[in-house]
Each structure stands twice: as C-alpha cells, then as structure tokens.
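What follows is the content of coords_13.txt, which has compact mmCIF, C-alpha atoms:
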# COMPACT_ATOMS: atom_id res chain seq x y z
CA MET A 1029 25.40 -22.55 -36.46
CA ARG A 1030 25.57 -24.49 -39.72
CA ARG A 1031 23.68 -27.39 -38.05
CA LEU A 1032 20.98 -25.01 -36.80
CA THR A 1033 20.61 -23.60 -40.31
CA LYS A 1034 20.19 -27.12 -41.67
CA VAL A 1035 17.56 -27.98 -39.06
CA VAL A 1036 15.61 -24.79 -39.74
CA GLY A 1037 15.97 -25.34 -43.48
CA ALA A 1038 14.67 -28.90 -43.20
CA ALA A 1039 11.73 -27.77 -41.07
CA LEU A 1040 10.86 -25.03 -43.57
CA LEU A 1041 11.05 -27.54 -46.42
CA ALA A 1042 8.70 -29.87 -44.53
CA VAL A 1043 6.21 -27.04 -44.04
CA LEU A 1044 6.39 -26.11 -47.72
CA ILE A 1045 5.90 -29.74 -48.81
CA GLY A 1046 3.04 -30.10 -46.37
CA ALA A 1047 1.45 -26.92 -47.68
CA GLY A 1048 1.33 -28.36 -51.17
CA GLN A 1049 -0.98 -31.24 -50.40
CA GLN A 1050 -3.98 -32.26 -48.40
CA GLY A 1051 -2.90 -34.21 -45.37
CA MET A 1052 -2.14 -34.05 -41.69
CA GLY A 1053 -1.24 -30.54 -40.66
CA ALA A 1054 0.97 -29.31 -37.89
CA GLN A 1055 -1.92 -29.34 -35.43
CA GLY A 1056 -1.78 -33.01 -34.42
CA ALA A 1057 -4.29 -35.16 -36.22
CA GLU A 1058 -6.02 -32.30 -38.02
CA ARG A 1059 -6.14 -32.48 -41.77
CA THR A 1060 -4.95 -29.48 -43.77
CA VAL A 1061 -6.60 -28.55 -47.04
CA ARG A 1062 -4.60 -26.13 -49.15
CA ILE A 1063 -6.64 -23.85 -51.38
CA VAL A 1064 -4.97 -21.75 -54.04
CA ALA A 1065 -6.81 -18.63 -55.18
CA LYS A 1066 -5.87 -17.11 -58.52
CA LYS A 1067 -7.50 -15.11 -61.26
CA PHE A 1068 -10.22 -16.32 -61.52
CA GLU A 1069 -10.63 -19.64 -59.78
CA TYR A 1070 -9.98 -21.63 -56.66
CA GLN A 1071 -7.99 -24.86 -56.75
CA PRO A 1072 -9.65 -27.03 -55.64
CA ASN A 1073 -13.11 -25.59 -56.16
CA LEU A 1074 -14.78 -28.56 -54.50
CA ILE A 1075 -13.66 -29.15 -50.94
CA LYS A 1076 -14.86 -32.36 -49.30
CA LEU A 1077 -15.15 -32.30 -45.53
CA LYS A 1078 -16.70 -34.56 -42.92
CA ARG A 1079 -19.13 -33.40 -40.30
CA GLY A 1080 -17.46 -33.08 -36.90
CA GLU A 1081 -13.93 -33.46 -38.25
CA PRO A 1082 -11.65 -30.52 -37.49
CA VAL A 1083 -9.87 -29.29 -40.61
CA VAL A 1084 -7.41 -26.50 -41.24
CA LEU A 1085 -8.10 -24.60 -44.46
CA GLN A 1086 -4.90 -23.02 -45.70
CA PHE A 1087 -5.38 -20.27 -48.27
CA VAL A 1088 -2.69 -18.89 -50.55
CA SER A 1089 -2.89 -16.51 -53.50
CA ALA A 1090 -1.02 -17.11 -56.73
CA ASP A 1091 -1.40 -13.52 -57.91
CA ARG A 1092 -3.35 -10.76 -56.18
CA LEU A 1093 -5.63 -10.06 -53.24
CA HIS A 1094 -8.63 -12.38 -53.10
CA GLY A 1095 -11.28 -13.21 -50.55
CA PHE A 1096 -13.00 -16.39 -49.46
CA SER A 1097 -16.50 -16.33 -48.12
CA CYS A 1098 -18.65 -19.35 -47.34
CA PRO A 1099 -21.71 -17.89 -45.60
CA GLY A 1100 -23.34 -21.32 -45.07
CA LEU A 1101 -20.48 -22.44 -42.84
CA ASN A 1102 -19.58 -18.97 -41.60
CA ILE A 1103 -16.04 -19.10 -43.04
CA ARG A 1104 -14.31 -15.90 -44.16
CA ALA A 1105 -10.69 -15.24 -45.11
CA THR A 1106 -8.64 -12.54 -46.77
CA ILE A 1107 -6.04 -14.13 -49.05
CA GLU A 1108 -2.99 -11.95 -49.56
CA PRO A 1109 -0.18 -12.72 -52.00
CA GLY A 1110 2.95 -14.08 -50.33
CA LYS A 1111 1.15 -15.06 -47.17
CA ALA A 1112 -0.67 -18.22 -46.08
CA THR A 1113 -3.91 -17.64 -44.21
CA THR A 1114 -5.28 -20.50 -42.14
CA VAL A 1115 -8.79 -21.01 -40.82
CA ARG A 1116 -9.73 -23.95 -38.59
CA VAL A 1117 -13.21 -25.30 -39.14
CA VAL A 1118 -15.30 -28.06 -37.64
CA PRO A 1119 -18.32 -28.49 -39.93
CA ASP A 1120 -21.43 -29.07 -37.87
CA LYS A 1121 -23.89 -29.74 -40.67
CA VAL A 1122 -24.14 -31.85 -43.77
CA GLY A 1123 -24.74 -30.32 -47.19
CA VAL A 1124 -23.22 -28.41 -50.07
CA PHE A 1125 -22.21 -24.88 -49.18
CA PRO A 1126 -21.20 -22.44 -51.94
CA PHE A 1127 -18.22 -20.15 -51.48
CA HIS A 1128 -17.05 -17.16 -53.48
CA CYS A 1129 -14.42 -14.44 -53.64
CA ASP A 1130 -15.78 -11.43 -51.78
CA LEU A 1131 -12.98 -8.99 -52.64
CA PHE A 1132 -13.51 -7.63 -56.14
CA CYS A 1133 -10.57 -8.88 -58.18
CA GLY A 1134 -11.29 -8.11 -61.82
CA GLU A 1135 -13.12 -9.16 -64.95
CA GLY A 1136 -13.64 -12.79 -63.92
CA HIS A 1137 -14.42 -12.05 -60.28
CA ASP A 1138 -17.93 -13.45 -60.62
CA GLU A 1139 -16.45 -16.78 -61.72
CA MET A 1140 -14.49 -17.27 -58.51
CA THR A 1141 -16.83 -19.70 -56.84
CA GLY A 1142 -16.85 -23.23 -55.51
CA ASN A 1143 -18.51 -25.54 -53.03
CA ILE A 1144 -17.72 -27.16 -49.74
CA ALA A 1145 -19.41 -30.56 -49.53
CA VAL A 1146 -19.84 -31.82 -45.98
CA SER A 1147 -20.83 -35.44 -45.55
CA ASP A 1148 -21.36 -37.97 -42.78
CA GLU A 1149 -19.42 -40.64 -44.61
CA PRO A 1150 -16.37 -42.01 -42.79
CA MET B 539 -44.27 3.54 -67.46
CA PRO B 540 -44.89 1.81 -64.13
CA LYS B 541 -45.06 4.16 -61.18
CA VAL B 542 -44.51 3.35 -57.54
CA ASN B 543 -46.18 5.60 -55.04
CA ARG B 544 -46.78 5.12 -51.36
CA ARG B 545 -49.83 2.89 -51.82
CA ASP B 546 -48.07 0.73 -54.43
CA PHE B 547 -45.00 0.49 -52.27
CA MET B 548 -47.01 -0.66 -49.26
CA ARG B 549 -48.76 -3.25 -51.39
CA LEU B 550 -45.42 -4.32 -52.84
CA MET B 551 -43.98 -4.71 -49.40
CA GLY B 552 -47.10 -6.41 -48.02
CA LEU B 553 -47.55 -3.61 -45.53
CA GLY B 554 -51.20 -2.84 -46.30
CA THR B 555 -52.58 0.60 -45.72
CA ILE B 556 -50.99 1.09 -42.36
CA GLY B 557 -47.48 0.13 -41.52
CA GLY B 558 -43.89 1.12 -41.61
CA ALA B 559 -43.43 2.42 -45.14
CA VAL B 560 -42.52 6.06 -44.74
CA PHE B 561 -42.29 8.36 -47.69
CA MET B 562 -41.55 12.01 -47.09
CA SER B 563 -43.82 13.05 -44.24
CA SER B 564 -46.30 15.83 -44.91
CA GLY B 565 -44.88 17.65 -41.94
CA ALA B 566 -41.46 17.75 -43.53
CA SER B 567 -42.76 19.31 -46.71
CA ALA B 568 -43.52 22.66 -45.11
CA MET B 569 -39.88 23.35 -44.18
CA PRO B 570 -40.47 26.93 -42.94
CA GLY B 571 -37.58 29.25 -43.47
CA LYS B 572 -35.93 27.06 -46.12
CA LYS B 573 -34.98 28.62 -49.42
CA GLU B 574 -35.68 27.17 -52.83
CA THR B 575 -38.07 24.47 -51.77
CA GLY B 576 -40.69 23.11 -54.14
CA ASP B 577 -41.29 20.07 -56.24
CA PHE B 578 -38.62 18.86 -58.60
CA TYR B 579 -37.47 15.67 -60.12
CA PHE B 580 -34.19 13.98 -60.76
CA LEU B 581 -33.05 10.90 -62.64
CA GLN B 582 -31.09 7.91 -61.47
CA LEU B 583 -29.07 6.18 -64.17
CA THR B 584 -26.89 3.25 -63.22
CA ASP B 585 -24.66 0.40 -64.30
CA THR B 586 -23.89 1.61 -67.80
CA HIS B 587 -20.76 -0.62 -67.93
CA TRP B 588 -19.07 1.32 -70.71
CA GLY B 589 -16.40 -0.99 -72.19
CA PHE B 590 -18.46 -4.17 -71.80
CA SER B 591 -18.25 -6.08 -75.07
CA ASP B 592 -20.05 -9.42 -75.03
CA PRO B 593 -22.53 -9.40 -77.95
CA LYS B 594 -24.37 -12.46 -76.61
CA VAL B 595 -25.40 -10.37 -73.61
CA ASN B 596 -25.87 -7.04 -75.38
CA PRO B 597 -25.11 -6.78 -79.12
CA ASP B 598 -25.65 -3.03 -78.86
CA PHE B 599 -22.99 -2.60 -76.17
CA LYS B 600 -21.63 0.51 -77.88
CA GLY B 601 -24.99 2.12 -78.54
CA THR B 602 -27.00 1.47 -75.39
CA LEU B 603 -25.65 4.41 -73.41
CA LEU B 604 -26.18 6.82 -76.28
CA LYS B 605 -29.69 5.43 -76.69
CA ALA B 606 -30.37 6.24 -73.02
CA VAL B 607 -28.93 9.73 -73.50
CA ARG B 608 -31.28 10.36 -76.42
CA GLN B 609 -34.24 9.04 -74.46
CA VAL B 610 -33.44 11.32 -71.54
CA ASN B 611 -32.99 14.28 -73.88
CA ALA B 612 -36.43 13.56 -75.35
CA LEU B 613 -38.14 14.00 -71.97
CA LYS B 614 -40.50 16.97 -72.20
CA LEU B 615 -39.48 18.33 -68.85
CA GLN B 616 -35.80 17.96 -68.11
CA PRO B 617 -34.77 16.86 -64.59
CA ASP B 618 -32.99 19.15 -62.16
CA PHE B 619 -30.06 16.75 -62.12
CA ILE B 620 -28.97 13.22 -62.92
CA MET B 621 -27.21 10.91 -60.51
CA PHE B 622 -25.20 8.01 -61.93
CA THR B 623 -24.99 5.37 -59.21
CA GLY B 624 -21.87 3.50 -60.26
CA ASP B 625 -20.42 0.96 -62.63
CA LEU B 626 -20.18 3.70 -65.21
CA THR B 627 -17.55 1.51 -66.85
CA HIS B 628 -16.86 -2.20 -67.07
CA THR B 629 -13.83 -3.35 -65.15
CA THR B 630 -10.36 -3.65 -66.60
CA GLU B 631 -7.08 -4.39 -64.88
CA ASP B 632 -5.26 -1.92 -67.10
CA ALA B 633 -5.30 1.44 -65.31
CA ALA B 634 -4.77 3.36 -68.57
CA GLU B 635 -7.69 1.54 -70.17
CA ARG B 636 -9.82 2.22 -67.08
CA LYS B 637 -9.13 5.93 -67.43
CA ARG B 638 -9.83 5.78 -71.17
CA ARG B 639 -13.22 4.16 -70.52
CA LEU B 640 -14.14 6.72 -67.87
CA LEU B 641 -13.19 9.55 -70.21
CA GLU B 642 -15.14 8.00 -73.09
CA PHE B 643 -18.13 7.61 -70.82
CA ARG B 644 -17.85 11.28 -69.90
CA GLU B 645 -17.71 12.23 -73.58
CA VAL B 646 -20.89 10.27 -74.37
CA ILE B 647 -22.88 11.82 -71.54
CA LYS B 648 -21.78 15.31 -72.58
CA HIS B 649 -24.62 14.97 -75.09
CA LEU B 650 -27.14 15.14 -72.24
CA LYS B 651 -29.14 18.36 -72.16
CA VAL B 652 -29.02 18.30 -68.37
CA LYS B 653 -25.74 19.73 -67.27
CA ARG B 654 -25.93 19.03 -63.55
CA LEU B 655 -24.54 15.51 -63.44
CA MET B 656 -23.32 13.66 -60.40
CA PHE B 657 -21.52 10.38 -60.00
CA ILE B 658 -20.55 7.73 -57.53
CA PRO B 659 -18.38 4.75 -58.47
CA GLY B 660 -19.24 1.07 -58.69
CA GLU B 661 -16.79 -1.73 -58.01
CA HIS B 662 -16.03 -1.99 -61.74
CA ASP B 663 -14.88 1.65 -61.72
CA ALA B 664 -13.01 1.77 -58.47
CA SER B 665 -12.32 -1.46 -56.59
CA LEU B 666 -9.06 -2.39 -58.34
CA ASP B 667 -7.33 0.92 -57.57
CA ASN B 668 -9.28 2.11 -54.52
CA GLY B 669 -10.99 4.74 -56.62
CA ALA B 670 -7.81 6.50 -57.78
CA VAL B 671 -8.67 6.91 -61.47
CA PHE B 672 -12.33 7.62 -60.76
CA LYS B 673 -11.32 10.48 -58.45
CA GLU B 674 -8.98 11.81 -61.10
CA VAL B 675 -11.81 11.99 -63.64
CA PHE B 676 -14.93 12.68 -61.53
CA GLY B 677 -13.71 13.93 -58.16
CA PRO B 678 -14.65 12.73 -54.68
CA THR B 679 -16.35 9.37 -54.31
CA HIS B 680 -18.50 10.43 -51.37
CA TYR B 681 -20.05 13.83 -50.73
CA SER B 682 -23.22 15.64 -49.80
CA PHE B 683 -25.30 18.37 -51.38
CA GLU B 684 -28.61 20.06 -50.82
CA HIS B 685 -31.26 20.72 -53.43
CA ARG B 686 -34.57 22.48 -52.78
CA GLY B 687 -34.62 21.48 -49.14
CA VAL B 688 -33.66 17.83 -49.69
CA HIS B 689 -30.34 16.63 -48.29
CA PHE B 690 -28.50 14.24 -50.56
CA LEU B 691 -25.73 11.99 -49.34
CA ALA B 692 -23.63 10.14 -51.92
CA LEU B 693 -21.76 7.22 -50.38
CA ASP B 694 -18.90 5.08 -51.66
CA ASN B 695 -19.18 1.38 -50.83
CA VAL B 696 -16.91 0.11 -53.59
CA SER B 697 -13.47 1.73 -53.40
CA ASP B 698 -12.65 -0.75 -50.68
CA PRO B 699 -12.76 -4.05 -52.62
CA SER B 700 -14.65 -5.68 -49.75
CA GLY B 701 -17.50 -3.26 -50.41
CA SER B 702 -17.24 -1.63 -47.01
CA LEU B 703 -17.83 2.03 -46.28
CA GLY B 704 -15.01 2.12 -43.75
CA GLU B 705 -14.68 3.93 -40.46
CA ALA B 706 -13.52 7.23 -41.98
CA GLN B 707 -16.58 7.52 -44.23
CA LEU B 708 -18.91 6.40 -41.44
CA ASN B 709 -17.46 9.13 -39.23
CA TRP B 710 -18.01 11.64 -42.04
CA LEU B 711 -21.59 10.43 -42.44
CA GLY B 712 -22.20 10.79 -38.72
CA GLY B 713 -20.88 14.34 -38.89
CA GLU B 714 -23.14 15.22 -41.82
CA LEU B 715 -26.20 13.82 -40.09
CA LYS B 716 -25.47 15.77 -36.92
CA LYS B 717 -26.23 18.93 -38.89
CA LEU B 718 -29.78 17.76 -39.70
CA ASP B 719 -32.94 17.61 -37.65
CA ALA B 720 -35.02 14.46 -37.33
CA ASP B 721 -37.57 15.56 -39.94
CA ALA B 722 -35.02 16.49 -42.59
CA ARG B 723 -35.68 14.93 -45.97
CA ILE B 724 -32.70 12.72 -46.71
CA VAL B 725 -31.89 10.87 -49.90
CA VAL B 726 -28.90 8.52 -49.93
CA PHE B 727 -27.20 7.27 -53.07
CA THR B 728 -25.02 4.16 -53.00
CA HIS B 729 -23.88 1.57 -55.48
CA ARG B 730 -24.32 -1.58 -53.40
CA PRO B 731 -27.33 -2.07 -51.15
CA LEU B 732 -26.71 -0.99 -47.56
CA PHE B 733 -28.72 -3.95 -46.25
CA ASP B 734 -28.14 -7.68 -46.73
CA LEU B 735 -30.13 -8.30 -49.89
CA TYR B 736 -28.15 -11.39 -50.91
CA PRO B 737 -24.62 -11.49 -49.47
CA GLN B 738 -23.82 -14.71 -51.36
CA TRP B 739 -23.74 -12.56 -54.50
CA GLU B 740 -22.16 -9.61 -52.71
CA TRP B 741 -25.47 -7.80 -52.80
CA ALA B 742 -24.78 -6.23 -49.44
CA THR B 743 -22.39 -3.84 -47.69
CA PRO B 744 -20.35 -5.51 -44.94
CA ASP B 745 -20.62 -2.49 -42.65
CA GLY B 746 -23.88 -1.15 -44.11
CA ALA B 747 -25.67 -1.82 -40.82
CA LYS B 748 -23.53 0.89 -39.21
CA ALA B 749 -24.70 3.43 -41.79
CA LEU B 750 -28.32 2.38 -41.30
CA GLU B 751 -27.88 2.78 -37.55
CA LEU B 752 -26.70 6.35 -38.10
CA LEU B 753 -29.70 7.02 -40.37
CA ALA B 754 -32.23 5.28 -38.13
CA PRO B 755 -33.20 8.31 -36.00
CA PHE B 756 -34.37 10.24 -39.07
CA ASN B 757 -37.98 10.15 -40.19
CA ASN B 758 -37.56 10.63 -43.95
CA VAL B 759 -34.75 8.58 -45.41
CA THR B 760 -34.78 6.96 -48.85
CA VAL B 761 -31.88 5.09 -50.40
CA PHE B 762 -31.45 4.72 -54.15
CA TYR B 763 -28.85 2.23 -55.30
CA GLY B 764 -27.68 0.24 -58.34
CA HIS B 765 -25.43 -2.81 -58.58
CA ILE B 766 -28.12 -5.48 -58.97
CA HIS B 767 -29.37 -4.39 -62.44
CA GLN B 768 -33.04 -4.76 -61.53
CA ILE B 769 -35.76 -3.11 -59.51
CA ASN B 770 -36.02 -4.07 -55.88
CA ALA B 771 -37.86 -2.40 -53.01
CA HIS B 772 -37.06 -3.05 -49.37
CA VAL B 773 -37.63 -1.47 -45.98
CA THR B 774 -35.31 -1.52 -42.97
CA GLY B 775 -36.95 0.17 -40.01
CA ARG B 776 -38.25 3.44 -41.45
CA ILE B 777 -35.74 3.56 -44.29
CA GLN B 778 -36.80 2.66 -47.81
CA HIS B 779 -34.37 1.19 -50.31
CA PHE B 780 -34.88 1.12 -54.08
CA SER B 781 -32.57 -0.39 -56.65
CA SER B 782 -32.83 0.55 -60.31
CA LYS B 783 -32.51 -1.24 -63.61
CA GLY B 784 -29.14 -0.95 -65.31
CA LEU B 785 -28.20 0.19 -68.79
CA MET B 786 -26.12 -2.68 -70.17
CA TYR B 787 -27.69 -5.98 -69.10
CA PRO B 788 -30.13 -7.30 -66.51
CA LEU B 789 -29.11 -9.72 -63.75
CA PRO B 790 -31.23 -12.56 -62.38
CA ALA B 791 -33.37 -12.24 -59.25
CA PRO B 792 -31.34 -12.74 -56.06
CA GLY B 793 -30.61 -16.43 -55.46
CA SER B 794 -32.75 -17.54 -58.40
CA GLN B 795 -29.87 -19.48 -59.98
CA PRO B 796 -26.55 -20.86 -58.72
CA LYS B 797 -24.39 -18.14 -60.27
CA ARG B 798 -24.85 -14.45 -60.69
CA ALA B 799 -24.54 -13.99 -64.46
CA PRO B 800 -26.04 -11.54 -66.95
CA VAL B 801 -29.39 -12.47 -68.45
CA PRO B 802 -28.66 -13.26 -72.12
CA TRP B 803 -29.99 -10.92 -74.80
CA ASN B 804 -33.38 -11.88 -76.16
CA PRO B 805 -33.68 -10.71 -79.81
CA ALA B 806 -37.46 -10.94 -79.54
CA ILE B 807 -37.43 -8.43 -76.67
CA PRO B 808 -34.33 -6.29 -77.12
CA TYR B 809 -33.22 -4.10 -74.20
CA ARG B 810 -35.49 -6.02 -71.85
CA GLY B 811 -34.70 -5.31 -68.23
CA MET B 812 -32.86 -2.07 -68.97
CA GLY B 813 -34.00 1.39 -68.09
CA PHE B 814 -33.68 4.34 -65.76
CA ARG B 815 -35.59 5.94 -62.93
CA GLN B 816 -37.34 9.26 -62.47
CA VAL B 817 -37.89 10.47 -58.93
CA GLN B 818 -40.43 13.25 -58.51
CA THR B 819 -41.00 14.95 -55.18
CA ASP B 820 -44.64 15.39 -54.29
CA LEU B 821 -44.70 17.84 -51.44
CA LYS B 822 -48.49 18.02 -51.28
CA ASP B 823 -48.82 14.33 -50.47
CA GLY B 824 -45.45 14.15 -48.84
CA GLU B 825 -43.95 11.39 -50.94
CA TYR B 826 -41.72 10.59 -53.86
CA VAL B 827 -43.31 9.38 -57.05
CA ILE B 828 -40.94 6.92 -58.66
CA THR B 829 -41.29 6.18 -62.34
CA GLU B 830 -39.32 3.31 -63.83
CA THR B 831 -38.68 4.05 -67.48
CA PRO B 832 -37.73 1.12 -69.72
CA LEU B 833 -35.22 1.68 -72.46
CA HIS B 834 -37.11 2.00 -75.74
CA ARG B 835 -36.86 -0.96 -78.04
CA GLY B 836 -36.94 1.04 -81.26
structure tokens encoding of this file:
Amino acid sequence: MRRLTKVVGAALLAVLIGAGQQGMGAQGAERTVRIVAKKFEYQPNLIKLKRGEPVVLQFVSADRLHGFSCPGLNIRATIEPGKATTVRVVPDKVGVFPFHCDLFCGEGHDEMTGNIAVSDEP
Amino acid sequence: MPKVNRRDFMRLMGLGTIGGAVFMSSGASAMPGKKETGDFYFLQLTDTHWGFSDPKVNPDFKGTLLKAVRQVNALKLQPDFIMFTGDLTHTTEDAAERKRRLLEFREVIKHLKVKRLMFIPGEHDASLDNGAVFKEVFGPTHYSFEHRGVHFLALDNVSDPSGSLGEAQLNWLGGELKKLDADARIVVFTHRPLFDLYPQWEWATPDGAKALELLAPFNNVTVFYGHIHQINAHVTGRIQHFSSKGLMYPLPAPGSQPKRAPVPWNPAIPYRGMGFRQVQTDLKDGEYVITETPLHRG
C-alpha cells in the first residue's frame, strides 16, 4: 500500500512538473503549452505554434473564472480555478490569431488578450 | 440632430428603395380593438458607467450623467418613458461598492422629470455576481411590458458572464412571443447585440441566434441595444438592430484597431461621441423616427 502511494505520488509530481512547462505532454509526441490566466493577463500572451503540429493547450486559472477565445483558429475554453482544461489543436493555417478572455472578469477584462502565431518554420 | 427614418435606414444599409428593411408596417398601426394606441416617444440612454474615473478619457466623469439628465429635462415634450440599456455603472469587484454605485446612479437620475424609468443591466453591472446586486436595486433583469399597443421585451444578455441569454430566458421569450400575433409591433431592448457584430470584441451574444430565430416569424421587430458606445444599424432577416451612443466615452468602430479601448477625450471637441436616442412612433407612415441627440458641449 505504501509502495502504491509512492508510485501514485511520483506520477502526480511528474504531471505537476510537466504542467509547469512547455514540452512533451502525456499524449505521445504532442507538445503541451501551459497557459495561465489571471487578472488581467495570460502567461504567455504570445503562443508560437507550427502549422500541422498537434499541440495540447493546457489552461489553468490563478484566481477566478476566465475564458479563452481564439476565433481565428476556432479555439474556445472555459478556465475554472483549481482545474486544468486542455484543448488539442492542429493549426491548419499560418498567421497571427488574436485571442481574448470572453467571460467578463472585472475592471481589466479588456486587457486580457494575446496572440497565437502559427508559422511554417521547422 | 440627425434623424434616421425608413429612407435613411435603407440608404444606410444599401438596400435602396425596395428591400428588406421593415419599419412598423402600416397595417400594424391600425390595431383595431387595442386600447391606448397612438403616437408616443421614448428615450434610450445607455452606458453611463457611473464610477468610471479616468480623466484622460472623460475629465467630466462625475458630471456627464447629470449633464444628460439636464438635457433630457430641457426637452420641450417629455418622453413617455426612458429605457436605460445597461452599464449603468462601471465595474468593480467589490460588491458593496457595486451597490453603492448603483444607488448613486439611481439618486442622480431621480432628477429626471420623467418618472417612468426602466433598466436592464450591462456586464459592468451584473456579470461578476450574476446580476444579484442589480436585482436588489432595480428588480428583474428581463421582463416585458406593453405601451400604447407596442410590446416591449427587455432581455438580459450579461448576467451570465459569457453574455448568453440562457435556456431559461429563451424559454420565457418563446412563451411571451406565443401570446402575440405576427403583425404585433415588437421592440426588444438588450445590452449586447443579438447578432455577431464583432465577436472578437465580444460584440455579440453567443446564443443570440436562438432569440432571433424566435423573433423571425414576426413582421415588426426592432432591437435597441447599447454596449458598443456608438451608433450602428444592422438588419438580420426582417429584424432591425440599432445601437446607441453611450454617456461616458465612445469606443472605436468594430475591428478598426487591435484593441477595444475608449477613444481618448478631445478637449477641442468635448463630449464627442456621447449622446442619447429618441424614438418616436409614426403610425401614419408606419415607422419609427429615430433621433440621435448628441450631448451638448456647453
């Protein structure tokens, strides 16, 4: 039982470490990009992706309910505190696509914006 | 004072002299058997943002609402009623402060001569607490009423922070519309546009298409909304949509710049882009005459 607890604990720690950085996610070779939403910004607010490359966007909130909407790439997520929300995307076009918080979150709500830059570069 | 009538609206919309722009039909104006019909006018005031305090955007942030009140009181003929279409106050995360701002707003508008005042919330008033404080001060956030044969529907597309109407309200709307015949004159008030004006700036209602689908069978539907702090005219099917200027600061044209941000104050043209709307029924010609009234500079 103690060994099982250790194994589970180690696995949980690995997930938490993985969630804190951009890198290979749990889904094989797919890259995970962690995006933190907080009043009133996204970190990062520039997300660089490659056309055709599957990526998992992992959203977490540092404070309250936020949204994520990138109409140009048809990405939408509700970001709840205490819960990671993941969205898998495969960008099919090159360009810079603005995103914003689409759940009104307070005085600086209008400032919660950013861009996804999709390139063809390797 | 620029006026928009049917001809202007058609020209504005590029519809020419024949086309889909439908103001109140002449047939609807007769309304046999209806009581208290006859021409009247009402005002739409919107986006007063009481509590806003950036002097670079509006150095008269404390006086602008009172200025509007005085200008309305100076109208020779007073309107039958005034509808405030949301963002009465500027947002705050402090619920006590939100209530204080709503109460202060109510105190200022008590100076209006017109005593029939109606309100719907904007996201600044209601999105952070799902409309709780707004309801406490002003009552329900969606409702209907009838005035001189016109059916008014006030909708709430802000208490849900996503800007949706929600299934419950859509069901209520469907029930209200079931009571009306196809030629009923219907005026809808909302804060956000019901159509996709510019979703990138949240100038849309995620489930607005469902409301428009419910309204589609009716021949005389006009929507008056706020939120975008500028005049905009649009047609979906047979439904006309008009946004009004606000009373704290103007916003840029949809998509005209990367970020939605208030247009800075121009000392050479103070109060530019602010004003309110008069809506006059014209039963003889079967249309509404809309007069956009700029806030006086003096």
Per-residue nearest contacts of chain B to chain A (12 Å; all atoms listed in the file) as a Markdown table:
| residue | atom | partner | partner_atom | distance |
| --- | --- | --- | --- | --- |
| B:His587 | CA | A:Glu1135 | CA | 11.8 |
| B:Gly589 | CA | A:Glu1135 | CA | 11.4 |
| B:Phe590 | CA | A:Glu1135 | CA | 10.0 |
| B:Ser591 | CA | A:Glu1135 | CA | 11.8 |
| B:Thr627 | CA | A:Glu1135 | CA | 11.7 |
| B:His628 | CA | A:Glu1135 | CA | 8.2 |
| B:Thr629 | CA | A:Glu1135 | CA | 5.9 |
| B:Thr630 | CA | A:Glu1135 | CA | 6.4 |
| B:Glu631 | CA | A:Gly1134 | CA | 6.4 |
| B:Asp632 | CA | A:Gly1134 | CA | 10.1 |
| B:Ala633 | CA | A:Gly1134 | CA | 11.8 |
| B:Arg636 | CA | A:Gly1134 | CA | 11.7 |
| B:Gly660 | CA | A:Phe1132 | CA | 10.7 |
| B:Glu661 | CA | A:Phe1132 | CA | 7.0 |
| B:His662 | CA | A:Gly1134 | CA | 7.7 |
| B:Asp663 | CA | A:Gly1134 | CA | 10.4 |
| B:Ala664 | CA | A:Phe1132 | CA | 9.7 |
| B:Ser665 | CA | A:Phe1132 | CA | 6.3 |
| B:Leu666 | CA | A:Cys1133 | CA | 6.7 |
| B:Asp667 | CA | A:Cys1133 | CA | 10.3 |
| B:Asn668 | CA | A:Phe1132 | CA | 10.7 |
| B:Asn695 | CA | A:Phe1132 | CA | 11.9 |
| B:Val696 | CA | A:Phe1132 | CA | 8.8 |
| B:Ser697 | CA | A:Phe1132 | CA | 9.8 |
| B:Asp698 | CA | A:Leu1131 | CA | 8.5 |
| B:Pro699 | CA | A:Leu1131 | CA | 4.9 |
| B:Ser700 | CA | A:Leu1131 | CA | 4.7 |
| B:Gly701 | CA | A:Leu1131 | CA | 7.6 |
| B:Ser702 | CA | A:Leu1131 | CA | 10.2 |
| B:Tyr736 | CA | A:Pro1099 | CA | 10.6 |
| B:Pro737 | CA | A:Pro1099 | CA | 8.0 |
| B:Gln738 | CA | A:Pro1099 | CA | 6.9 |
| B:Trp739 | CA | A:His1128 | CA | 8.2 |
| B:Glu740 | CA | A:Asp1130 | CA | 6.7 |
| B:Trp741 | CA | A:Asp1130 | CA | 10.4 |
| B:Ala742 | CA | A:Asp1130 | CA | 10.7 |
| B:Thr743 | CA | A:Asp1130 | CA | 10.9 |
| B:Pro744 | CA | A:Asp1130 | CA | 10.1 |
| B:Gly793 | CA | A:Pro1126 | CA | 11.7 |
| B:Pro796 | CA | A:Pro1126 | CA | 8.8 |
| B:Lys797 | CA | A:Asp1138 | CA | 8.0 |
| B:Arg798 | CA | A:Asp1138 | CA | 7.0 |
| B:Ala799 | CA | A:Asp1138 | CA | 7.7 |
| B:Pro800 | CA | A:Asp1138 | CA | 10.5 |
As lines of an AutoDock Vina configuration file, what would the box around segment 772-782 of chain B look like: edges along x, y and z, 3 Å added on every side, centre and edge lengths in Å to one decimal?
center_x = -35.4
center_y = 0.3
center_z = -50.2
size_x = 11.7
size_y = 12.6
size_z = 26.3
request  = Kindly indicate which residue among A:Glu1069, A:Ser1089, A:Val1118, A:Lys1078 lies nearest to Ala1105 of chain A, using all atoms listed in the file for the distances.
outcome  = A:Ser1089
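Proximity to Asp1120 of chain A at 9 Å, evaluated using only C-alpha atoms and with sequence-adjacent residues fewer than 4 positions away removed, yields A:Lys1078, A:Arg1079, A:Gly1080, A:Glu1081, A:Leu1101, A:Val1146.
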task = Grab the atom CA of Gly764 of chain B to atom CA of Gly784 of chain B distance for me, in Å with one decimal place.
result =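 Separation of atom CA of Gly764 of chain B and atom CA of Gly784 of chain B: 7.2 Å.
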query = In Å to one decimal, how far is atom CA of Phe683 of chain B from atom CA of Leu655 of chain B?
reply =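 Those two atoms sit 12.4 Å apart.
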ask   = Distance atom CA of Tyr763 of chain B-atom CA of Gln582 of chain B, one decimal place?
value = 8.7 Å
query = Do you know which residues are at most 12 Å from segment 746-755 of chain B counting all atoms listed in the file, after dropping those on the same chain fewer than 6 positions away, and could you put them as a ChimeraX atom specification?
reply = /B:691,693-696,700-716,718-726,728-735,737,761,773-779
task = Do a neighbour search on Ser782 of chain B at 12 Å with all atoms listed in the file, toss out local chain neighbours closer than 4 positions, and write the hits as a ChimeraX atom specification.
result = /B:581-586,621-624,727-731,761-771,788-789,811-817,828-832
message = So that I can see what lies close to segment 1060-1067 of chain A, please list as an MDAnalysis selection string the residues with an atom at most 10 Å from it, counting all atoms listed in the file and leaving out residues fewer than 3 positions away in the same chain.
response = chainID A and resid 1046:1055 1057 1070:1077 1082:1096 1107:1109 1112:1116 1129 1133:1137 1139:1140
